[in-house]
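A.B. asks: Structure: protein.cif, mmCIF, C-alpha atoms.
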data_target
#
loop_
_atom_site.label_atom_id
_atom_site.label_comp_id
_atom_site.auth_asym_id
_atom_site.auth_seq_id
_atom_site.Cartn_x
_atom_site.Cartn_y
_atom_site.Cartn_z
CA MET A 295 5.25 -32.79 -31.06
CA LEU A 296 2.36 -30.51 -32.02
CA SER A 297 -0.91 -30.49 -30.15
CA ARG A 298 -3.72 -32.39 -31.81
CA ASN A 299 -5.52 -29.55 -33.56
CA ALA A 300 -2.80 -26.92 -33.96
CA ALA A 301 -0.80 -26.23 -37.10
CA VAL A 302 1.82 -24.46 -34.98
CA PRO A 303 3.04 -25.25 -31.45
CA ARG A 304 0.43 -24.45 -28.81
CA ILE A 305 1.37 -22.81 -25.51
CA VAL A 306 -1.39 -23.04 -22.91
CA ILE A 307 -1.27 -20.78 -19.84
CA VAL A 308 -3.68 -21.63 -17.02
CA GLY A 309 -4.44 -18.66 -14.79
CA GLY A 310 -4.85 -15.01 -15.73
CA GLY A 311 -3.40 -13.37 -12.64
CA ALA A 312 -0.63 -10.78 -12.76
CA GLY A 313 1.97 -13.29 -13.94
CA GLY A 314 -0.22 -15.40 -16.22
CA LEU A 315 -1.76 -12.41 -17.99
CA GLU A 316 1.62 -10.75 -18.51
CA LEU A 317 3.06 -13.99 -19.89
CA ALA A 318 0.12 -14.45 -22.28
CA THR A 319 0.47 -10.83 -23.39
CA ARG A 320 4.20 -11.09 -24.07
CA LEU A 321 3.90 -14.42 -25.89
CA GLY A 322 0.84 -13.22 -27.80
CA ARG A 323 2.66 -10.17 -29.09
CA THR A 324 5.93 -11.94 -29.96
CA LEU A 325 4.72 -15.40 -31.06
CA GLY A 326 0.94 -15.41 -31.46
CA ALA A 327 0.63 -12.27 -33.57
CA ARG A 328 3.43 -13.53 -35.83
CA HIS A 329 1.85 -16.99 -36.18
CA ARG A 330 4.91 -18.68 -34.70
CA ALA A 331 2.79 -20.31 -31.99
CA GLN A 332 -0.78 -20.43 -30.77
CA VAL A 333 -1.02 -18.88 -27.31
CA VAL A 334 -4.06 -19.83 -25.20
CA LEU A 335 -4.95 -18.31 -21.83
CA VAL A 336 -7.35 -20.30 -19.62
CA ASP A 337 -9.18 -18.79 -16.65
CA GLY A 338 -12.41 -19.40 -14.75
CA SER A 339 -13.19 -15.67 -14.75
CA PRO A 340 -13.59 -13.54 -17.89
CA THR A 341 -11.81 -10.55 -16.34
CA HIS A 342 -8.62 -9.63 -14.47
CA ILE A 343 -7.97 -7.29 -11.54
CA TRP A 344 -4.44 -6.74 -10.22
CA LYS A 345 -4.38 -8.70 -6.98
CA PRO A 346 -2.16 -6.33 -4.93
CA LEU A 347 -4.96 -3.75 -5.16
CA LEU A 348 -7.76 -5.98 -3.86
CA HIS A 349 -7.74 -4.03 -0.61
CA GLU A 350 -8.81 -0.97 -2.62
CA VAL A 351 -11.56 -2.99 -4.30
CA ALA A 352 -12.74 -4.06 -0.84
CA THR A 353 -13.11 -0.45 0.28
CA GLY A 354 -14.54 0.93 -2.96
CA ALA A 355 -11.46 3.03 -3.78
CA LEU A 356 -10.94 0.94 -6.94
CA ASN A 357 -13.94 0.29 -9.17
CA THR A 358 -13.76 -3.17 -10.71
CA GLY A 359 -16.14 -2.16 -13.48
CA GLU A 360 -13.64 0.44 -14.70
CA ASP A 361 -10.27 -1.13 -13.91
CA GLU A 362 -10.74 -4.80 -14.84
CA VAL A 363 -9.27 -6.29 -18.02
CA ASN A 364 -11.53 -8.42 -20.20
CA TYR A 365 -9.56 -11.44 -21.45
CA PHE A 366 -11.58 -11.87 -24.65
CA ALA A 367 -11.00 -8.30 -25.81
CA HIS A 368 -7.43 -8.14 -24.52
CA GLY A 369 -6.53 -11.42 -26.22
CA TYR A 370 -7.93 -10.15 -29.53
CA ARG A 371 -5.71 -7.07 -29.29
CA ASN A 372 -2.58 -8.90 -28.16
CA GLY A 373 -2.43 -12.08 -30.22
CA TYR A 374 -3.63 -14.78 -27.82
CA ASP A 375 -6.84 -16.81 -27.50
CA PHE A 376 -8.92 -17.02 -24.35
CA GLU A 377 -10.65 -20.17 -23.07
CA PHE A 378 -13.24 -19.61 -20.34
CA GLY A 379 -13.19 -22.40 -17.74
CA PHE A 380 -11.49 -23.94 -14.73
CA MET A 381 -8.77 -26.54 -15.20
CA GLN A 382 -9.62 -29.77 -13.41
CA GLY A 383 -7.38 -32.42 -14.89
CA LEU A 384 -4.15 -33.18 -16.75
CA ASP A 385 -3.15 -36.03 -19.07
CA GLN A 386 0.58 -35.79 -19.68
CA LYS A 387 0.72 -38.76 -22.05
CA ARG A 388 -1.81 -37.17 -24.40
CA ARG A 389 -0.67 -33.63 -23.55
CA THR A 390 -4.14 -32.38 -22.77
CA ILE A 391 -5.80 -30.51 -19.94
CA ARG A 392 -9.45 -30.93 -18.99
CA LEU A 393 -11.69 -27.95 -18.31
CA SER A 394 -14.81 -28.09 -16.17
CA ALA A 395 -18.29 -27.41 -17.50
CA ILE A 396 -19.50 -23.81 -17.31
CA PRO A 397 -23.02 -23.20 -15.95
CA GLY A 398 -24.93 -20.04 -16.80
CA SER A 399 -26.64 -17.74 -14.30
CA ASP A 400 -29.96 -19.47 -15.08
CA GLY A 401 -28.51 -22.92 -14.41
CA GLN A 402 -28.32 -23.83 -18.09
CA LEU A 403 -25.04 -25.27 -19.37
CA LEU A 404 -22.95 -22.75 -21.29
CA SER A 405 -20.18 -25.18 -22.14
CA PRO A 406 -19.64 -28.87 -21.35
CA GLU A 407 -16.41 -30.36 -20.06
CA ARG A 408 -13.76 -30.18 -22.76
CA GLU A 409 -10.11 -30.86 -23.44
CA ILE A 410 -7.36 -28.62 -24.79
CA GLY A 411 -4.15 -29.97 -26.23
CA TYR A 412 -0.81 -28.33 -25.55
CA ASP A 413 2.84 -28.53 -26.53
CA TRP A 414 3.94 -26.48 -23.54
CA LEU A 415 1.81 -25.90 -20.47
CA VAL A 416 2.30 -23.14 -17.89
CA ILE A 417 0.29 -23.35 -14.65
CA ALA A 418 -0.15 -19.96 -12.98
CA VAL A 419 -3.33 -20.35 -10.94
CA GLY A 420 -2.21 -18.34 -7.91
CA ALA A 421 -3.12 -19.19 -4.34
CA GLU A 422 -6.02 -19.22 -1.91
CA ALA A 423 -6.42 -18.45 1.78
CA ASN A 424 -4.77 -20.81 4.27
CA ASP A 425 -6.60 -21.04 7.59
CA PHE A 426 -4.06 -23.53 9.05
CA GLY A 427 -6.96 -25.56 10.40
CA THR A 428 -8.05 -22.78 12.76
CA PRO A 429 -11.59 -23.44 14.06
CA GLY A 430 -14.31 -21.10 12.85
CA VAL A 431 -12.41 -19.42 10.03
CA ALA A 432 -14.48 -20.89 7.20
CA GLU A 433 -17.75 -20.15 9.00
CA HIS A 434 -17.14 -16.67 10.39
CA ALA A 435 -14.23 -14.96 8.60
CA MET A 436 -14.12 -13.10 5.32
CA PHE A 437 -11.20 -13.28 2.90
CA LEU A 438 -9.36 -11.07 0.45
CA ASN A 439 -7.98 -13.43 -2.15
CA THR A 440 -10.19 -12.86 -5.20
CA PRO A 441 -12.18 -9.96 -6.69
CA ASN A 442 -15.33 -11.75 -5.54
CA ASP A 443 -13.95 -11.85 -1.97
CA ALA A 444 -13.19 -8.14 -2.18
CA GLU A 445 -16.69 -7.28 -3.42
CA LYS A 446 -18.30 -9.33 -0.64
CA LEU A 447 -16.15 -7.54 1.94
CA ARG A 448 -16.98 -4.14 0.44
CA HIS A 449 -20.72 -4.79 0.68
CA ARG A 450 -20.34 -6.09 4.23
CA VAL A 451 -18.39 -3.01 5.33
CA LEU A 452 -20.95 -0.67 3.77
CA GLU A 453 -23.85 -2.55 5.35
CA GLN A 454 -22.26 -2.53 8.80
CA ALA A 455 -21.32 1.14 8.53
CA PHE A 456 -24.85 2.15 7.52
CA ARG A 457 -26.38 -0.09 10.20
CA ALA A 458 -24.13 1.43 12.85
CA SER A 459 -25.18 4.96 11.88
CA SER A 460 -28.89 4.33 11.36
CA GLY A 461 -31.65 5.42 13.74
CA GLU A 462 -32.02 8.45 15.97
CA ALA A 463 -29.70 7.30 18.74
CA PRO A 464 -25.98 8.08 18.52
CA ALA A 465 -24.18 5.77 16.15
CA ARG A 466 -22.96 2.61 17.82
CA ALA A 467 -19.36 1.49 17.57
CA LEU A 468 -18.15 -0.74 14.74
CA SER A 469 -15.34 -3.24 15.24
CA ILE A 470 -13.23 -4.87 12.50
CA ALA A 471 -10.56 -7.49 13.19
CA ILE A 472 -7.91 -8.35 10.59
CA VAL A 473 -5.95 -11.54 11.23
CA GLY A 474 -2.53 -11.26 9.65
CA GLY A 475 0.00 -8.43 9.87
CA GLY A 476 1.61 -8.92 6.49
CA ALA A 477 1.29 -6.48 3.60
CA THR A 478 -2.32 -7.47 2.87
CA GLY A 479 -3.54 -7.02 6.44
CA VAL A 480 -1.67 -3.75 7.01
CA GLU A 481 -2.83 -2.21 3.73
CA LEU A 482 -6.42 -3.27 4.33
CA ALA A 483 -6.43 -1.77 7.84
CA ALA A 484 -5.12 1.57 6.59
CA GLU A 485 -7.53 1.62 3.65
CA LEU A 486 -10.52 0.79 5.88
CA ASN A 487 -9.60 3.69 8.15
CA HIS A 488 -9.58 6.03 5.15
CA THR A 489 -12.91 4.61 3.96
CA MET A 490 -14.59 5.31 7.29
CA CYS A 491 -13.37 8.92 7.18
CA GLU A 492 -14.74 9.31 3.65
CA LEU A 493 -18.09 7.77 4.60
CA HIS A 494 -18.38 10.26 7.44
CA HIS A 495 -17.66 13.11 5.00
CA TYR A 496 -20.42 11.78 2.74
CA GLY A 497 -22.93 12.02 5.56
CA ALA A 498 -22.73 8.79 7.55
CA ARG A 499 -23.26 9.58 11.26
CA LEU A 500 -20.69 6.99 12.25
CA GLN A 501 -17.70 8.89 13.63
CA PRO A 502 -14.31 7.47 12.44
CA GLU A 503 -13.13 7.33 16.07
CA ARG A 504 -16.07 5.02 16.80
CA VAL A 505 -14.63 2.46 14.39
CA LYS A 506 -12.19 0.09 16.07
CA ILE A 507 -9.83 -1.66 13.66
CA SER A 508 -7.48 -4.31 15.05
CA VAL A 509 -4.59 -6.07 13.30
CA ILE A 510 -3.72 -9.41 14.91
CA GLU A 511 -0.28 -10.84 14.17
CA GLY A 512 1.33 -13.96 15.62
CA ALA A 513 4.91 -12.77 15.06
CA ASP A 514 6.60 -10.20 17.27
CA ARG A 515 6.11 -7.44 14.66
CA ILE A 516 3.96 -6.64 11.65
CA LEU A 517 5.50 -6.85 8.17
CA ALA A 518 7.83 -9.55 9.44
CA ALA A 519 9.45 -9.92 5.98
CA ALA A 520 10.52 -6.26 6.03
CA PRO A 521 13.43 -4.70 7.94
CA PRO A 522 12.53 -3.93 11.58
CA SER A 523 12.70 -0.17 10.99
CA LEU A 524 9.98 -0.40 8.33
CA SER A 525 7.82 -2.48 10.65
CA ALA A 526 8.23 0.12 13.38
CA TYR A 527 7.30 2.97 11.02
CA ALA A 528 4.23 1.11 9.77
CA GLU A 529 3.06 0.39 13.32
CA GLU A 530 3.57 4.03 14.27
CA GLN A 531 1.48 5.15 11.27
CA LEU A 532 -1.30 2.69 12.11
CA ALA A 533 -1.31 3.83 15.73
CA GLY A 534 -1.69 7.41 14.49
CA LYS A 535 -4.86 6.30 12.72
CA HIS A 536 -6.12 4.71 15.97
CA ILE A 537 -5.64 1.20 14.56
CA GLN A 538 -4.82 -1.33 17.28
CA VAL A 539 -1.86 -3.63 16.50
CA LEU A 540 -1.68 -6.86 18.50
CA THR A 541 1.65 -8.59 17.85
CA GLY A 542 2.68 -11.89 19.43
CA SER A 543 -0.99 -12.85 19.44
CA ARG A 544 -1.92 -16.28 18.14
CA VAL A 545 -5.49 -17.03 17.10
CA ALA A 546 -7.20 -19.96 18.79
CA ALA A 547 -10.53 -19.65 16.97
CA VAL A 548 -12.69 -17.26 15.00
CA GLU A 549 -16.18 -16.83 16.43
CA ALA A 550 -19.32 -15.11 15.21
CA ASP A 551 -18.65 -12.04 17.34
CA GLY A 552 -14.86 -11.87 17.28
CA VAL A 553 -11.50 -13.60 17.50
CA ALA A 554 -10.42 -15.77 20.44
CA LEU A 555 -6.69 -15.64 21.15
CA SER A 556 -4.63 -18.49 22.55
CA ASP A 557 -3.83 -16.56 25.75
CA GLY A 558 -7.52 -16.29 26.64
CA ARG A 559 -8.14 -12.76 25.37
CA LYS A 560 -10.89 -12.00 22.87
CA VAL A 561 -10.99 -9.31 20.22
CA GLU A 562 -14.59 -8.28 19.62
CA ALA A 563 -15.46 -7.83 15.95
CA ASP A 564 -18.50 -7.21 13.78
CA ILE A 565 -16.34 -8.19 10.79
CA THR A 566 -13.36 -10.53 10.83
CA VAL A 567 -11.02 -10.70 7.83
CA TRP A 568 -8.55 -13.58 7.51
CA ALA A 569 -5.30 -12.47 5.83
CA ALA A 570 -2.86 -14.71 7.66
CA GLY A 571 -1.46 -16.89 4.90
CA VAL A 572 -1.95 -18.59 1.55
CA LYS A 573 -1.68 -22.01 0.00
CA ALA A 574 -2.00 -23.29 -3.55
CA PRO A 575 -5.34 -24.82 -4.64
CA GLY A 576 -5.78 -28.39 -3.40
CA TRP A 577 -6.61 -29.83 -6.84
CA LEU A 578 -2.98 -29.27 -7.94
CA ALA A 579 -1.95 -32.20 -5.73
CA GLY A 580 -4.02 -34.54 -7.90
CA LEU A 581 -2.57 -33.60 -11.27
CA ASP A 582 -1.08 -36.40 -13.34
CA GLY A 583 2.50 -37.06 -12.19
CA LEU A 584 3.29 -33.60 -10.81
CA GLU A 585 4.96 -33.20 -7.42
CA THR A 586 3.56 -30.79 -4.80
CA ASN A 587 4.69 -29.63 -1.37
CA ARG A 588 2.75 -29.47 1.92
CA ILE A 589 0.81 -26.35 0.86
CA ASN A 590 -0.07 -27.81 -2.55
CA GLN A 591 2.48 -25.75 -4.50
CA LEU A 592 3.93 -27.39 -7.59
CA VAL A 593 7.60 -28.18 -7.07
CA VAL A 594 9.72 -26.62 -9.83
CA ASP A 595 13.43 -26.38 -10.60
CA THR A 596 15.47 -23.30 -11.46
CA ARG A 597 13.97 -23.36 -14.97
CA LEU A 598 10.42 -23.32 -13.47
CA HIS A 599 9.96 -26.81 -14.92
CA CYS A 600 7.60 -28.95 -12.83
CA ALA A 601 9.01 -31.99 -11.04
CA GLY A 602 7.42 -35.02 -12.70
CA GLY A 603 6.25 -32.96 -15.65
CA ASP A 604 7.04 -33.17 -19.34
CA CYS A 605 6.87 -29.72 -20.96
CA VAL A 606 4.94 -28.43 -17.92
CA TYR A 607 5.97 -25.26 -16.09
CA ALA A 608 4.58 -23.44 -13.06
CA MET A 609 5.01 -19.87 -11.89
CA GLY A 610 3.70 -17.37 -9.37
CA ASP A 611 2.06 -18.20 -6.05
CA CYS A 612 1.23 -21.80 -7.02
CA ALA A 613 4.90 -22.70 -7.63
CA ALA A 614 7.51 -23.67 -5.04
CA ALA A 615 10.41 -22.07 -6.89
CA PRO A 616 13.96 -22.01 -5.51
CA ASP A 617 16.03 -18.85 -5.54
CA GLY A 618 18.90 -19.51 -7.92
CA ASP A 619 21.46 -17.97 -5.54
CA SER A 620 20.46 -19.13 -2.06
CA GLY A 621 18.26 -22.11 -2.84
CA ARG A 622 15.54 -20.76 -0.53
CA MET A 623 11.96 -20.83 -1.73
CA LEU A 624 10.80 -17.58 -3.29
CA ALA A 625 7.98 -15.71 -1.60
CA ALA A 626 4.51 -15.47 -3.13
CA THR A 627 4.71 -11.85 -4.30
CA ALA A 628 3.74 -9.91 -7.42
CA GLN A 629 7.34 -9.02 -8.23
CA VAL A 630 8.33 -12.69 -8.29
CA ALA A 631 5.45 -13.48 -10.67
CA HIS A 632 6.36 -10.49 -12.85
CA GLN A 633 9.99 -11.58 -13.23
CA GLN A 634 8.97 -15.19 -13.85
CA ALA A 635 6.61 -14.05 -16.62
CA ARG A 636 9.42 -12.15 -18.33
CA TYR A 637 11.71 -15.16 -17.97
CA LEU A 638 9.23 -17.71 -19.35
CA ALA A 639 8.26 -15.45 -22.26
CA ASP A 640 11.90 -15.44 -23.32
CA GLU A 641 12.53 -19.08 -22.42
CA LEU A 642 9.58 -20.48 -24.38
CA ALA A 643 10.62 -18.45 -27.40
CA ARG A 644 14.07 -20.02 -27.05
CA ARG A 645 12.49 -23.47 -26.88
CA LEU A 646 10.89 -22.87 -30.28
CA GLU A 647 14.37 -22.29 -31.67
CA ASP A 648 15.84 -25.32 -29.83
CA LYS A 649 18.17 -23.11 -27.82
CA PRO A 650 19.48 -24.40 -24.47
CA ALA A 651 17.55 -23.53 -21.32
CA ARG A 652 18.85 -20.91 -18.92
CA PRO A 653 18.03 -20.80 -15.19
CA PHE A 654 15.70 -18.24 -13.68
CA ALA A 655 17.42 -15.79 -11.36
CA PHE A 656 15.25 -13.61 -9.14
CA LYS A 657 16.46 -10.05 -8.59
CA PRO A 658 14.86 -8.52 -5.47
CA GLN A 659 13.50 -5.04 -6.03
CA GLY A 660 12.54 -4.35 -2.42
CA MET A 661 8.99 -4.01 -1.11
CA MET A 662 6.34 -1.32 -0.85
CA VAL A 663 3.35 -1.21 1.51
CA SER A 664 0.55 1.36 1.35
CA LEU A 665 -0.45 2.96 4.65
CA GLY A 666 -3.39 5.01 3.42
CA LYS A 667 -4.21 7.61 0.80
CA HIS A 668 -1.08 9.75 1.18
CA THR A 669 1.61 7.58 2.73
CA ALA A 670 3.47 4.32 2.27
CA VAL A 671 6.61 2.62 3.48
CA GLY A 672 9.10 0.40 1.74
CA SER A 673 12.61 -0.50 0.77
CA LEU A 674 14.19 -0.24 -2.66
CA ALA A 675 17.06 -2.48 -3.73
CA ALA A 676 20.10 -0.74 -5.21
CA VAL A 677 20.26 -1.17 -8.98
CA VAL A 678 23.99 -0.45 -9.20
CA GLY A 679 26.79 -0.56 -6.68
CA PRO A 680 26.90 -2.70 -3.52
CA LYS A 681 23.84 -4.67 -2.52
CA ARG A 682 21.84 -2.66 -0.03
CA ASP A 683 18.28 -1.47 0.52
CA TYR A 684 17.21 2.17 0.58
CA HIS A 685 14.32 2.86 2.94
CA VAL A 686 11.54 5.19 1.79
CA GLU A 687 8.47 6.43 3.60
CA GLY A 688 5.74 9.05 3.45
CA ARG A 689 4.36 10.73 0.33
CA GLY A 690 7.39 9.90 -1.79
CA ALA A 691 6.96 6.22 -1.00
CA LYS A 692 3.25 6.50 -1.88
CA LEU A 693 4.15 7.82 -5.34
CA ILE A 694 6.47 4.87 -5.87
CA TYR A 695 3.76 2.51 -4.65
CA ALA A 696 1.22 3.99 -7.07
CA SER A 697 3.69 3.61 -9.94
CA LEU A 698 3.77 -0.16 -9.47
CA TYR A 699 0.20 -0.47 -10.75
CA ARG A 700 0.99 1.79 -13.70
CA MET A 701 3.96 -0.44 -14.55
CA HIS A 702 1.64 -3.46 -14.48
CA GLN A 703 -0.75 -1.65 -16.82
CA ALA A 704 2.15 -0.84 -19.14
CA ALA A 705 3.19 -4.50 -19.22
CA VAL A 706 -0.36 -5.54 -20.06
CA HIS A 707 -1.47 -2.69 -22.36
CA GLY A 708 1.71 -0.92 -23.47
CA TRP A 709 2.86 2.51 -22.31
CA VAL A 710 0.60 4.55 -24.59
CA LEU A 711 -2.59 2.94 -23.31
CA ALA A 712 -1.23 2.94 -19.75
CA ILE A 713 -0.78 6.73 -19.92
CA LEU A 714 -4.27 7.17 -21.37
CA LEU A 715 -5.70 5.00 -18.57
CA PHE A 716 -3.86 7.13 -16.01
CA ILE A 717 -5.34 10.32 -17.48
CA GLY A 718 -8.79 8.71 -17.58
CA ASP A 719 -8.52 7.71 -13.93
CA LYS A 720 -7.66 11.30 -12.94
CA LEU A 721 -10.59 12.68 -14.89
CA ARG A 722 -13.05 10.17 -13.42
CA ARG A 723 -11.89 10.85 -9.88
CA ALA A 724 -12.41 14.58 -10.41
CA ALA A 725 -16.05 14.01 -11.38
CA ARG A 726 -17.07 11.05 -9.19
CA PRO A 727 -17.03 10.16 -5.47
CA ALA A 728 -13.74 8.85 -4.12
CA LEU A 729 -15.51 5.62 -3.10
CA LYS A 730 -17.92 3.27 -4.81
CA LEU A 731 -20.90 3.42 -2.45
CA HIS A 732 -23.31 0.98 -4.07
#
Here is the file; what I need is its structure written in the form of C-alpha cells.

C.D. replies:
Amino acid sequence: MLSRNAAVPRIVIVGGGAGGLELATRLGRTLGARHRAQVVLVDGSPTHIWKPLLHEVATGALNTGEDEVNYFAHGYRNGYDFEFGFMQGLDQKRRTIRLSAIPGSDGQLLSPEREIGYDWLVIAVGAEANDFGTPGVAEHAMFLNTPNDAEKLRHRVLEQAFRASSGEAPARALSIAIVGGGATGVELAAELNHTMCELHHYGARLQPERVKISVIEGADRILAAAPPSLSAYAEEQLAGKHIQVLTGSRVAAVEADGVALSDGRKVEADITVWAAGVKAPGWLAGLDGLETNRINQLVVDTRLHCAGGDCVYAMGDCAAAPDGDSGRMLAATAQVAHQQARYLADELARRLEDKPARPFAFKPQGMMVSLGKHTAVGSLAAVVGPKRDYHVEGRGAKLIYASLYRMHQAAVHGWVLAILLFIGDKLRRAARPALKLH
C-alpha cells in the first residue's frame, strides 16, 4: 500500500537524533537518491547536534553554530526530505501521522497542523530527563538532554562564574552539584572543571580551587554500568581534579540552594544539574494502538517492530528493545542507536524487495567516558577471539573517545567531508578561544 500522495513507497522517520539522522542518511543515499522510495525525516528542530557531546556544548568547548547539521541542507545533499514539526498523533488505519502547528518567533503561525502519510514509519524521538518524582527537580534543577538545555546551562555557568569573580573583594566560592554518576554526570563534572581553569586563564578572578563540583550518585560507585576497575579509575581522576564524589547518596529533594539527601545531609549548590536518568516522552503512551512500558518506551520485538503496530518501528532511546541473545532490554546509548540505524536501513531495503525479515542482534563495542581535555577511560570489546573487554585509560583512551564523534560525522557526511571537518576544527581552534564565552 502506497501512502496517499507518493508515487513510490514513503518511509517516514520521526526524530533526527544520532540514530534517526543516520537512518535517514543511509536510506536517502540508497533509496531516496535512486527514486526507489521517498524518505522523509521529521523533527521539531531544524538542526542536529550529537547528543553524547552535549556536555561540551554546556561548557562552550563545542560551538553549536559551527558543529550543528542543518536538516534542510543535509537532506538536499543526501536524498531525503525534511519536515519541520513535532509529531503529536498517529492514525494506523489511514497510515498517517499528525504534526503540530509551528509558531514563529513573532507569534505568527508558520505552519498549521498537518498530516503526513507513510508506508513505513520509524519512531526515533529519543528520551527526556526522568526526575522519578523527586520534589523540586522541575523548579530548581537544570538538565542536559537537548541542545537548548546545554545552552541554558552554559549561560548559567558563565553568569555564575562572572558574578563570583566580580567586585573588589576576593572572589567568592561557586558550588555546582550534579545528580547522577553515569557517563553524562561524570563527563559534565570533568568538563566543568576544565572550563573553570580556562576561564581563570582568560582573566576571571575566580580561582579553580574555589569552585566546588559534587557528583551525587545513589549506587555504591559511579559509572555503575562499567567494570568496577573503570569506576575506580574515574573516581580517582575526579578526585585529582578536586571533584567531590558522593556515592550511596540518595536525593530526597532539590532546593533553590542545593540538594537535600535522604540521610539528612545537604549539598550546597549555586547550580544543580539533574543527570540521574531518562524516560521516553509521555505522548508516546497515547499513540494509536502502540504498547509502551512504565517509562513510556515503545515496546518492540527483535525486528524493532512496535507491539500493536502495523509497519511501525521504533529505535534508539524511545524503544524498549530486547537483546537478541540474552533477552535483556538494551541500554539507551549512542552505540545501540547507531547499530539499530544500520540494521533498519538494510531491513527496510529488504522489505521493498519482499525479502524475509531478520532479527536485530546488538554487538557490544564497550564504552568510553571522557574525564577532561586529555584523559578518558573505557573498555573495548574484542573484535576477534574470545569475548572479553580490554580496558583503556589516559591519553590513548581520549583519542579513541574523540574518534567516536568523527565516526558519527563520517556516517552522516561521508569520510571525505568528515576529514575536511576535522581539519577545519583544528584550524578554528588554533585561531579562536578554546571556549565560547558569549

A.B. asks: From the list A:Val539, A:Ile510, A:Ile713, A:Ala421, which residue is nearest Gln591 (chain A) when using all atoms listed in the file?

C.D. replies: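 Of A:Val539, A:Ile510, A:Ile713, A:Ala421, the one nearest Gln591 (chain A), counting all atoms listed in the file, is A:Ala421.
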
A.B. asks: For the structure provided, state which residues fall under the PyMOL selection byres ((chain A and resi 410-419) around 6), and present them as a PDB file with C-alpha atoms, in the coordinates of the input.

C.D. replies:
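Printed below is result-v2.pdb as written:
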ATOM      1  CA  LEU A 296       2.360 -30.510 -32.020  1.00  0.00           C
ATOM      2  CA  SER A 297      -0.910 -30.490 -30.150  1.00  0.00           C
ATOM      3  CA  PRO A 303       3.040 -25.250 -31.450  1.00  0.00           C
ATOM      4  CA  ARG A 304       0.430 -24.450 -28.810  1.00  0.00           C
ATOM      5  CA  ILE A 305       1.370 -22.810 -25.510  1.00  0.00           C
ATOM      6  CA  VAL A 306      -1.390 -23.040 -22.910  1.00  0.00           C
ATOM      7  CA  ILE A 307      -1.270 -20.780 -19.840  1.00  0.00           C
ATOM      8  CA  VAL A 308      -3.680 -21.630 -17.020  1.00  0.00           C
ATOM      9  CA  GLY A 309      -4.440 -18.660 -14.790  1.00  0.00           C
ATOM     10  CA  GLY A 314      -0.220 -15.400 -16.220  1.00  0.00           C
ATOM     11  CA  ARG A 389      -0.670 -33.630 -23.550  1.00  0.00           C
ATOM     12  CA  THR A 390      -4.140 -32.380 -22.770  1.00  0.00           C
ATOM     13  CA  ILE A 391      -5.800 -30.510 -19.940  1.00  0.00           C
ATOM     14  CA  GLU A 409     -10.110 -30.860 -23.440  1.00  0.00           C
ATOM     15  CA  GLY A 420      -2.210 -18.340  -7.910  1.00  0.00           C
ATOM     16  CA  CYS A 605       6.870 -29.720 -20.960  1.00  0.00           C
ATOM     17  CA  VAL A 606       4.940 -28.430 -17.920  1.00  0.00           C
ATOM     18  CA  TYR A 607       5.970 -25.260 -16.090  1.00  0.00           C
ATOM     19  CA  ALA A 608       4.580 -23.440 -13.060  1.00  0.00           C
ATOM     20  CA  MET A 609       5.010 -19.870 -11.890  1.00  0.00           C
ATOM     21  CA  GLY A 610       3.700 -17.370  -9.370  1.00  0.00           C
TER      22      GLY A 610
END

A.B. asks: One decimal, Å: what's the distance from CA of Glu585 (chain A) over to CA of Leu393 (chain A), could you say?

C.D. replies: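 Computing it gives 20.6 Å between the two atoms.
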
A.B. asks: Please evaluate the PyMOL selection byres ((chain A and resi 456) around 12) against the displayed coordinates and give the resulting residues as an NGL selection string.

C.D. replies: :A and (449-455 or 457-461 or 465-468 or 490 or 493-494 or 496-501 or 731-732)

A.B. asks: Just the selected residues (C-alpha atoms), exported as a CSV table (one decimal), in the frame of the given file, please.

C.D. replies:
chain,number,residue,atom,x,y,z
A,449,HIS,CA,-20.7,-4.8,0.7
A,450,ARG,CA,-20.3,-6.1,4.2
A,451,VAL,CA,-18.4,-3.0,5.3
A,452,LEU,CA,-21.0,-0.7,3.8
A,453,GLU,CA,-23.8,-2.6,5.4
A,454,GLN,CA,-22.3,-2.5,8.8
A,455,ALA,CA,-21.3,1.1,8.5
A,457,ARG,CA,-26.4,-0.1,10.2
A,458,ALA,CA,-24.1,1.4,12.8
A,459,SER,CA,-25.2,5.0,11.9
A,460,SER,CA,-28.9,4.3,11.4
A,461,GLY,CA,-31.6,5.4,13.7
A,465,ALA,CA,-24.2,5.8,16.2
A,466,ARG,CA,-23.0,2.6,17.8
A,467,ALA,CA,-19.4,1.5,17.6
A,468,LEU,CA,-18.2,-0.7,14.7
A,490,MET,CA,-14.6,5.3,7.3
A,493,LEU,CA,-18.1,7.8,4.6
A,494,HIS,CA,-18.4,10.3,7.4
A,496,TYR,CA,-20.4,11.8,2.7
A,497,GLY,CA,-22.9,12.0,5.6
A,498,ALA,CA,-22.7,8.8,7.6
A,499,ARG,CA,-23.3,9.6,11.3
A,500,LEU,CA,-20.7,7.0,12.2
A,501,GLN,CA,-17.7,8.9,13.6
A,731,LEU,CA,-20.9,3.4,-2.4
A,732,HIS,CA,-23.3,1.0,-4.1

A.B. asks: Please report the interatomic distance between CA of Asn424 (chain A) and CA of Leu532 (chain A) in Å with one decimal.

C.D. replies: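 Separation of CA of Asn424 (chain A) and CA of Leu532 (chain A): 25.0 Å.
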
A.B. asks: With all atoms listed in the file as the atoms that count, which of A:Pro441, A:Gly672, A:Gly558, A:Gly479 lies nearest to Ala352 (chain A)?

C.D. replies: A:Pro441

A.B. asks: Expanded to explicit residues, what is the PyMOL selection byres ((chain A and resi 520) around 12) for this file, as a ChimeraX atom specification?

C.D. replies: /A:475-477,515-519,521-528,660-663,671-674,683,685

A.B. asks: Using all atoms listed in the file, can you tell me which of A:Thr596, A:Ser469, A:Asn587, A:Asn487 comes closest to Ala563 (chain A)?

C.D. replies: A:Ser469

A.B. asks: I'd like the interatomic distance between CA of His536 (chain A) and CA of Leu698 (chain A), to a tenth of an Å.

C.D. replies: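 Pair CA of His536 (chain A) / CA of Leu698 (chain A) returns 27.7 Å.
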
A.B. asks: May I ask which of the residues A:Leu665, A:Leu721, A:Ala635, A:Ala625 is the closest one to Ala318 (chain A), counting only C-alpha atoms?

C.D. replies: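 With only C-alpha atoms as the atom set, the closest residue is A:Ala635.
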
A.B. asks: Measuring atom to atom with all atoms listed in the file, identify which of A:Arg722, A:Arg320, A:Arg588, A:Arg504 is nearest to Leu356 (chain A).

C.D. replies: A:Arg722
